[in-house]
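Q: I have a structure I would like to understand better, so I am pasting it below and will then ask my questions one at a time.
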Amino acid sequence: MMTATNILDGRRFDGVVLERGKTSGDADTLIFERGRFRSTACDRWGYGDGPYTATVQGETVSFTVETESPKYGQLRWKGVVNGERLDGSLVMVRDGKSAVEKWVVAGEVASAPAR
């Protein structure tokens, strides 16, 4: 296993965030850019972006990141990118207590062809 700096930069994944036991959730775009990660579904709750850490093992890239909202606390993300698929989870931590765990499933957005 090898730590890779900014290996996911420039990649975007469209998907859905689901609570445990639910079959529908919030649409989300996960963005990796300049060594940072952002979830568009979390923008409305005041969560910013955060620096991500990634490790590579074969074709799989694992990542972790923490994002924070002044009002709602931290989100601790972890996930795996395999090819064009991202599978991950996030846990809200507020006042030092873990809350609901959610899952995210997403597929990579194809980049626009260069002109």
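Labeling convention for the structure tokens: chains A, B, ... as they appear, residues from 1 per chain, ligands from 1 in order of appearance.
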Would you list the contacts of region 94-97 of chain A as a list in words, taking every protein, DNA or RNA residue within 7 Å and counting only C-alpha atoms, but skipping same-chain residues closer than 5 positions in sequence?

A: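 Neighbouring residues, sequence-local ones excluded: Tyr72, Gly73 and Gln74 of chain A.
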
Q: Would you export the selected residues with N, CA, C and O atoms as an mmCIF file, in the first residue's frame, please?

A:
```cif
data_model
loop_
_atom_site.group_PDB
_atom_site.id
_atom_site.type_symbol
_atom_site.label_atom_id
_atom_site.label_comp_id
_atom_site.auth_asym_id
_atom_site.auth_seq_id
_atom_site.Cartn_x
_atom_site.Cartn_y
_atom_site.Cartn_z
ATOM 1 N N TYR A 72 -22.929 22.510 12.518
ATOM 2 C CA TYR A 72 -23.293 21.092 12.638
ATOM 3 C C TYR A 72 -22.149 20.158 13.022
ATOM 4 O O TYR A 72 -22.362 18.967 13.187
ATOM 5 N N GLY A 73 -20.923 20.654 13.147
ATOM 6 C CA GLY A 73 -19.811 19.798 13.565
ATOM 7 C C GLY A 73 -19.050 19.214 12.390
ATOM 8 O O GLY A 73 -19.028 19.781 11.299
ATOM 9 N N GLN A 74 -18.424 18.054 12.612
ATOM 10 C CA GLN A 74 -17.564 17.420 11.618
ATOM 11 C C GLN A 74 -18.275 16.293 10.890
ATOM 12 O O GLN A 74 -19.134 15.620 11.464
#
```

Q: Can you check which residues of region 37-69 of chain A DSSP gives as helix (DSSP H, G or I) on the backbone and send them as a PyMOL selection string?

A: chain A and resi 40-45

Q: Since we have the selection now, will you write its residues out, keeping N, CA, C and O atoms, as a short mmCIF file (atom, residue, chain, number, x, y, z; two decimals), in the first residue's frame?

A:
```
data_model
loop_
_atom_site.label_atom_id
_atom_site.label_comp_id
_atom_site.auth_asym_id
_atom_site.auth_seq_id
_atom_site.Cartn_x
_atom_site.Cartn_y
_atom_site.Cartn_z
N THR A 40 -21.10 18.42 -2.58
CA THR A 40 -22.06 19.48 -2.88
C THR A 40 -23.34 19.34 -2.05
O THR A 40 -23.98 20.34 -1.75
N ALA A 41 -23.71 18.12 -1.67
CA ALA A 41 -24.91 17.93 -0.86
C ALA A 41 -24.75 18.54 0.52
O ALA A 41 -25.73 18.88 1.18
N CYS A 42 -23.53 18.72 0.96
CA CYS A 42 -23.26 19.26 2.30
C CYS A 42 -23.08 20.78 2.31
O CYS A 42 -23.01 21.39 3.37
N ASP A 43 -23.01 21.38 1.11
CA ASP A 43 -22.84 22.84 1.02
C ASP A 43 -23.93 23.58 1.80
O ASP A 43 -23.66 24.53 2.52
N ARG A 44 -25.17 23.15 1.63
CA ARG A 44 -26.30 23.87 2.26
C ARG A 44 -26.28 23.82 3.78
O ARG A 44 -26.97 24.58 4.44
N TRP A 45 -25.52 22.90 4.34
CA TRP A 45 -25.40 22.78 5.80
C TRP A 45 -24.15 23.50 6.32
O TRP A 45 -23.82 23.41 7.49
#
```

Q: Hey, what's within 12 Å of Thr55 (chain A) if we count only C-alpha atoms and toss same-chain stuff fewer than 5 positions away? As JSON, numbers by chain, please?

A: {"A": [1, 2, 3, 4, 5, 6, 7, 8, 60, 61, 62, 63, 64, 78, 79, 80, 81]}

Q: Based on the selection just made, write all heavy atoms of those residues as a compact mmCIF listing (two decimals), in the first residue's frame.

A:
```
# COMPACT_ATOMS: atom_id res chain seq x y z
N MET A 1 0.85 -1.17 0.00
CA MET A 1 0.00 0.00 0.00
C MET A 1 0.90 1.24 0.00
O MET A 1 1.88 1.30 0.70
CB MET A 1 -0.90 -0.01 1.23
CG MET A 1 -2.03 0.94 1.09
SD MET A 1 -3.26 0.92 2.44
CE MET A 1 -3.39 -0.76 2.92
N MET A 2 0.52 2.23 -0.83
CA MET A 2 1.35 3.41 -0.98
C MET A 2 0.49 4.66 -0.80
O MET A 2 -0.61 4.75 -1.32
CB MET A 2 1.96 3.36 -2.38
CG MET A 2 2.55 4.62 -2.88
SD MET A 2 3.16 4.37 -4.57
CE MET A 2 1.82 5.11 -5.48
N THR A 3 0.97 5.64 -0.03
CA THR A 3 0.28 6.91 0.11
C THR A 3 0.56 7.73 -1.14
O THR A 3 1.69 7.80 -1.60
CB THR A 3 0.76 7.67 1.35
OG1 THR A 3 0.50 6.86 2.50
CG2 THR A 3 0.04 8.99 1.50
N ALA A 4 -0.50 8.32 -1.70
CA ALA A 4 -0.36 9.08 -2.94
C ALA A 4 -0.95 10.47 -2.73
O ALA A 4 -2.12 10.60 -2.40
CB ALA A 4 -1.06 8.37 -4.06
N THR A 5 -0.14 11.49 -2.93
CA THR A 5 -0.59 12.86 -2.75
C THR A 5 -1.43 13.30 -3.93
O THR A 5 -0.99 13.19 -5.08
CB THR A 5 0.62 13.78 -2.58
OG1 THR A 5 1.42 13.29 -1.52
CG2 THR A 5 0.20 15.20 -2.26
N ASN A 6 -2.61 13.79 -3.66
CA ASN A 6 -3.49 14.39 -4.67
C ASN A 6 -3.83 13.48 -5.84
O ASN A 6 -4.15 13.96 -6.93
CB ASN A 6 -2.88 15.69 -5.20
CG ASN A 6 -2.61 16.70 -4.09
OD1 ASN A 6 -3.03 16.53 -2.96
ND2 ASN A 6 -1.91 17.76 -4.42
N ILE A 7 -3.79 12.17 -5.65
CA ILE A 7 -4.02 11.23 -6.76
C ILE A 7 -5.43 11.32 -7.34
O ILE A 7 -5.65 11.01 -8.49
CB ILE A 7 -3.68 9.79 -6.36
CG1 ILE A 7 -3.64 8.91 -7.61
CG2 ILE A 7 -4.68 9.26 -5.34
CD1 ILE A 7 -2.96 7.59 -7.41
N LEU A 8 -6.39 11.78 -6.55
CA LEU A 8 -7.77 11.87 -7.03
C LEU A 8 -8.11 13.25 -7.61
O LEU A 8 -9.23 13.47 -8.07
CB LEU A 8 -8.75 11.52 -5.90
CG LEU A 8 -8.70 10.08 -5.42
CD1 LEU A 8 -9.51 9.89 -4.15
CD2 LEU A 8 -9.18 9.13 -6.52
N THR A 60 -7.12 0.12 -6.70
CA THR A 60 -8.03 0.74 -5.73
C THR A 60 -7.37 1.90 -5.00
O THR A 60 -6.23 1.80 -4.56
CB THR A 60 -8.48 -0.32 -4.70
OG1 THR A 60 -9.08 -1.41 -5.41
CG2 THR A 60 -9.48 0.24 -3.73
N VAL A 61 -8.10 3.00 -4.90
CA VAL A 61 -7.64 4.17 -4.14
C VAL A 61 -8.58 4.34 -2.95
O VAL A 61 -9.79 4.48 -3.12
CB VAL A 61 -7.66 5.45 -5.00
CG1 VAL A 61 -7.19 6.65 -4.17
CG2 VAL A 61 -6.82 5.29 -6.25
N SER A 62 -8.03 4.30 -1.74
CA SER A 62 -8.81 4.54 -0.52
C SER A 62 -8.54 5.96 -0.07
O SER A 62 -7.41 6.45 -0.17
CB SER A 62 -8.39 3.57 0.59
OG SER A 62 -8.60 2.24 0.17
N PHE A 63 -9.58 6.63 0.44
CA PHE A 63 -9.39 8.00 0.90
C PHE A 63 -10.11 8.25 2.22
O PHE A 63 -11.07 7.56 2.56
CB PHE A 63 -9.87 9.02 -0.16
CG PHE A 63 -11.36 9.05 -0.34
CD1 PHE A 63 -12.15 9.91 0.40
CD2 PHE A 63 -11.98 8.22 -1.26
CE1 PHE A 63 -13.53 9.94 0.24
CE2 PHE A 63 -13.35 8.23 -1.43
CZ PHE A 63 -14.13 9.10 -0.68
N THR A 64 -9.59 9.21 2.97
CA THR A 64 -10.24 9.71 4.18
C THR A 64 -10.16 11.22 4.16
O THR A 64 -9.22 11.80 3.60
CB THR A 64 -9.57 9.18 5.47
OG1 THR A 64 -8.20 9.59 5.47
CG2 THR A 64 -9.66 7.68 5.58
N LYS A 78 -14.86 8.35 4.62
CA LYS A 78 -13.88 7.36 4.15
C LYS A 78 -14.51 6.66 2.95
O LYS A 78 -15.74 6.52 2.88
CB LYS A 78 -13.47 6.37 5.24
CG LYS A 78 -14.58 5.53 5.80
CD LYS A 78 -14.07 4.63 6.91
CE LYS A 78 -15.24 3.88 7.54
NZ LYS A 78 -14.81 3.03 8.64
N GLY A 79 -13.67 6.30 2.01
CA GLY A 79 -14.21 5.67 0.82
C GLY A 79 -13.16 4.99 -0.01
O GLY A 79 -11.96 5.06 0.28
N VAL A 80 -13.65 4.34 -1.06
CA VAL A 80 -12.81 3.60 -1.97
C VAL A 80 -13.24 3.95 -3.39
O VAL A 80 -14.43 3.95 -3.70
CB VAL A 80 -12.97 2.07 -1.75
CG1 VAL A 80 -12.20 1.28 -2.79
CG2 VAL A 80 -12.53 1.68 -0.35
N VAL A 81 -12.26 4.25 -4.22
CA VAL A 81 -12.51 4.47 -5.65
C VAL A 81 -11.89 3.29 -6.38
O VAL A 81 -10.71 3.00 -6.22
CB VAL A 81 -11.89 5.80 -6.13
CG1 VAL A 81 -12.05 5.93 -7.64
CG2 VAL A 81 -12.53 6.98 -5.41
```

Q: Using only C-alpha atoms, find the one residue out of A:Asp26, A:Val104, A:Val93, A:Phe37 that sits nearest to Ala54 (chain A).

A: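 Nearest candidate to Ala54 (chain A) out of A:Asp26, A:Val104, A:Val93, A:Phe37: A:Phe37.
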
Q: Mind pulling up the distance from CA of Ser69 (chain A) to CA of Glu108 (chain A)?

A: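 Spanning CA of Glu108 (chain A) to CA of Ser69 (chain A) is a straight-line distance of 25.8 Å.
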
Q: In Å, with one decimal, what is the gap from CA of Glu84 (chain A) to CA of Thr53 (chain A)?

A: 18.6 Å

Q: Find the residue from A:Asp14, A:Glu59, A:Glu19, A:Glu33 that sits nearest to Met92 (chain A); use only C-alpha atoms when measuring.

A: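 Under the stated criterion, the closest residue is A:Glu19.
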